[in-house]
Amino acid sequence: MQLVLTREQRELRSAVRKFLAEHAPPARVRELIDGDGHDAGLWRRLAGELGATGLVVPEEHGGSGAGHVERAVVLEELGRALAPVPFLASAVLATDVLLALDDAEAQAELLPRLAAGELIGAVAWDAESAPTATRRDGSWVLDGRAPQVISGDIADFVLVCARTEQGGSWFRVDGADGVTRTPLRTLDPTRRIARLDFAGAPARQLSTEDSDAVLAEVRDTAAVALAAEQLGGMERVLEMTVEYAKVRVQFGRAIGSYQAVKHRCADMYSAWEQAHSAVRHAAWTADEDRAHLPLAAAMVQVLVSPAYFEAAADTVQLHGGIGYTWEHDAHLYYKRAKTSELLLGTPDQQRARLADVLAI
């Protein structure tokens, strides 16, 4: 079991961190928040110069054939920087759905372009509000609503888990015909979420023997990927807080010298260390031990999500008055932590899923 990064993986981390520090500093992130929220140039360079978007894509489909550990390394750095790119939607969700399907034609057509950053994919997979797929004049069309789709407003195509008369099935929707995309104003301005309304949208059915199994597998790999992103955010808020505690003076002393502040920082560090080990183990499991991935994914989600939110909340509080201002970065991590905690289900749902896996 690999819990320590190899030299190549550490070099990848350094390269991504340097790239983001240069091309996606906090000032640039704030510009994008105030603008359209998407930096197409940054996305193309992340894919082209670093090859970050094709890490889990096999070499025969234009990827590097690396793995989930390497992708987790990239996600940590994206989480540290709050980089406003559609990585989770395209390089994780859409890519993993295609890899889990049995549709060789769709894989050959889409995976190389996803890996190269030429296309942005999104996934609509909410089982409770899945659109309905029906046959009209020999072709499939979708009707219904996908209430929350990550990067759905900028995606070139959407992979939809829809209901048919025979049960669930996966479909691909291209273009804008029959699709209304409504960007949503959410708590976290650094992650794009959209509502998609389908009204007779032309769709192409994708081949798979078990659509529910695809959904379950992608939920597991997505949980690992999101936890890696959260881990990067935890590391950054810990650094911010410790740095501030060293220089902020109150009553003639640096606040870091007070026991209450020391203990809070120590608790944040302890939580980060635990989360770090859990993410490394889960990413290794996704690569090497798929039989135990449901357990690893459920455990890492239950552990990391609340830990990140608590660390972000402590960061805001320990920064005092400045931590509550728009000009400081603390509130951006706080908002990302809260929305990420709920992105793949509520904490109660996550704990219930872990209990179900353990019962099996």
# chains A, B, ... in the order shown; residues from 1 in each chain; ligands from 1
$ residues_around --residues "Gly121 in chain A" --least-positions-apart "3" --cutoff "9 Å" --atoms "only C-alpha atoms" --output "PyMOL selection string"
chain A and resi 86+89-91+93-95+114+151-152+154-159
$ closest_atom_pairs --of "range 15-73 of chain A" --to "range 313-335 of chain A" --cutoff "10 Å" --atoms "only C-alpha atoms" --output "CSV"
residue,atom,partner,partner_atom,distance
A:Pro26,CA,A:Asp329,CA,7.7
A:Ala27,CA,A:Asp329,CA,9.8
A:Arg30,CA,A:Asp329,CA,9.3
$ residues_around --residues "Leu75 in chain A" --least-positions-apart "6" --cutoff "8 Å" --atoms "only C-alpha atoms" --output "PyMOL selection string"
chain A and resi 225-226+228-229+232
$ write_last_selection --atoms "all heavy atoms" --output "PDB file, in the first residue's frame"
ATOM      1  N   ALA A 225     -11.894  11.801  -5.557  1.00  0.00           N
ATOM      2  CA  ALA A 225     -11.385  13.016  -6.200  1.00  0.00           C
ATOM      3  C   ALA A 225     -11.760  14.263  -5.404  1.00  0.00           C
ATOM      4  O   ALA A 225     -10.934  15.159  -5.192  1.00  0.00           O
ATOM      5  CB  ALA A 225     -11.936  13.113  -7.627  1.00  0.00           C
ATOM      6  N   LEU A 226     -13.012  14.345  -4.966  1.00  0.00           N
ATOM      7  CA  LEU A 226     -13.440  15.513  -4.197  1.00  0.00           C
ATOM      8  C   LEU A 226     -12.684  15.604  -2.880  1.00  0.00           C
ATOM      9  O   LEU A 226     -12.302  16.697  -2.441  1.00  0.00           O
ATOM     10  CB  LEU A 226     -14.946  15.435  -3.942  1.00  0.00           C
ATOM     11  CG  LEU A 226     -15.545  16.600  -3.147  1.00  0.00           C
ATOM     12  CD1 LEU A 226     -15.361  17.920  -3.893  1.00  0.00           C
ATOM     13  CD2 LEU A 226     -17.025  16.349  -2.854  1.00  0.00           C
ATOM     14  N   ALA A 228      -9.675  14.654  -2.320  1.00  0.00           N
ATOM     15  CA  ALA A 228      -8.333  15.170  -2.617  1.00  0.00           C
ATOM     16  C   ALA A 228      -8.362  16.682  -2.777  1.00  0.00           C
ATOM     17  O   ALA A 228      -7.476  17.387  -2.280  1.00  0.00           O
ATOM     18  CB  ALA A 228      -7.791  14.507  -3.883  1.00  0.00           C
ATOM     19  N   GLU A 229      -9.373  17.183  -3.454  1.00  0.00           N
ATOM     20  CA  GLU A 229      -9.514  18.630  -3.600  1.00  0.00           C
ATOM     21  C   GLU A 229      -9.708  19.294  -2.238  1.00  0.00           C
ATOM     22  O   GLU A 229      -9.121  20.345  -1.943  1.00  0.00           O
ATOM     23  CB  GLU A 229     -10.707  18.935  -4.506  1.00  0.00           C
ATOM     24  CG  GLU A 229     -10.923  20.415  -4.760  1.00  0.00           C
ATOM     25  CD  GLU A 229     -12.208  20.673  -5.497  1.00  0.00           C
ATOM     26  OE1 GLU A 229     -12.225  20.600  -6.739  1.00  0.00           O
ATOM     27  OE2 GLU A 229     -13.229  20.941  -4.823  1.00  0.00           O
ATOM     28  N   GLY A 232      -6.410  19.575  -0.289  1.00  0.00           N
ATOM     29  CA  GLY A 232      -5.598  20.717  -0.686  1.00  0.00           C
ATOM     30  C   GLY A 232      -6.081  22.008  -0.054  1.00  0.00           C
ATOM     31  O   GLY A 232      -5.282  22.846   0.371  1.00  0.00           O
TER      32      GLY A 232
END
$ closest_residue --among "A:Arg44, A:Ala83, A:Thr221, A:Pro183" --to "Ala24 in chain A" --atoms "only C-alpha atoms"
A:Ala83
$ select_by_dssp --residues "range 105-161 of chain A" --states "alpha helix (DSSP H)" --output "list in words"
Glu105, Ala106, Gln107, Ala108, Glu109, Leu110, Leu111, Pro112, Arg113, Leu114 and Ala115 of chain A
$ closest_residue --among "A:Gln230, A:Thr241, A:Thr132, A:Thr208" --to "Ala266 in chain A" --atoms "only C-alpha atoms"
A:Thr241
$ atom_distance --atom1 "CA of Ala130 in chain A" --atom2 "CA of Arg185 in chain A"
21.7 Å
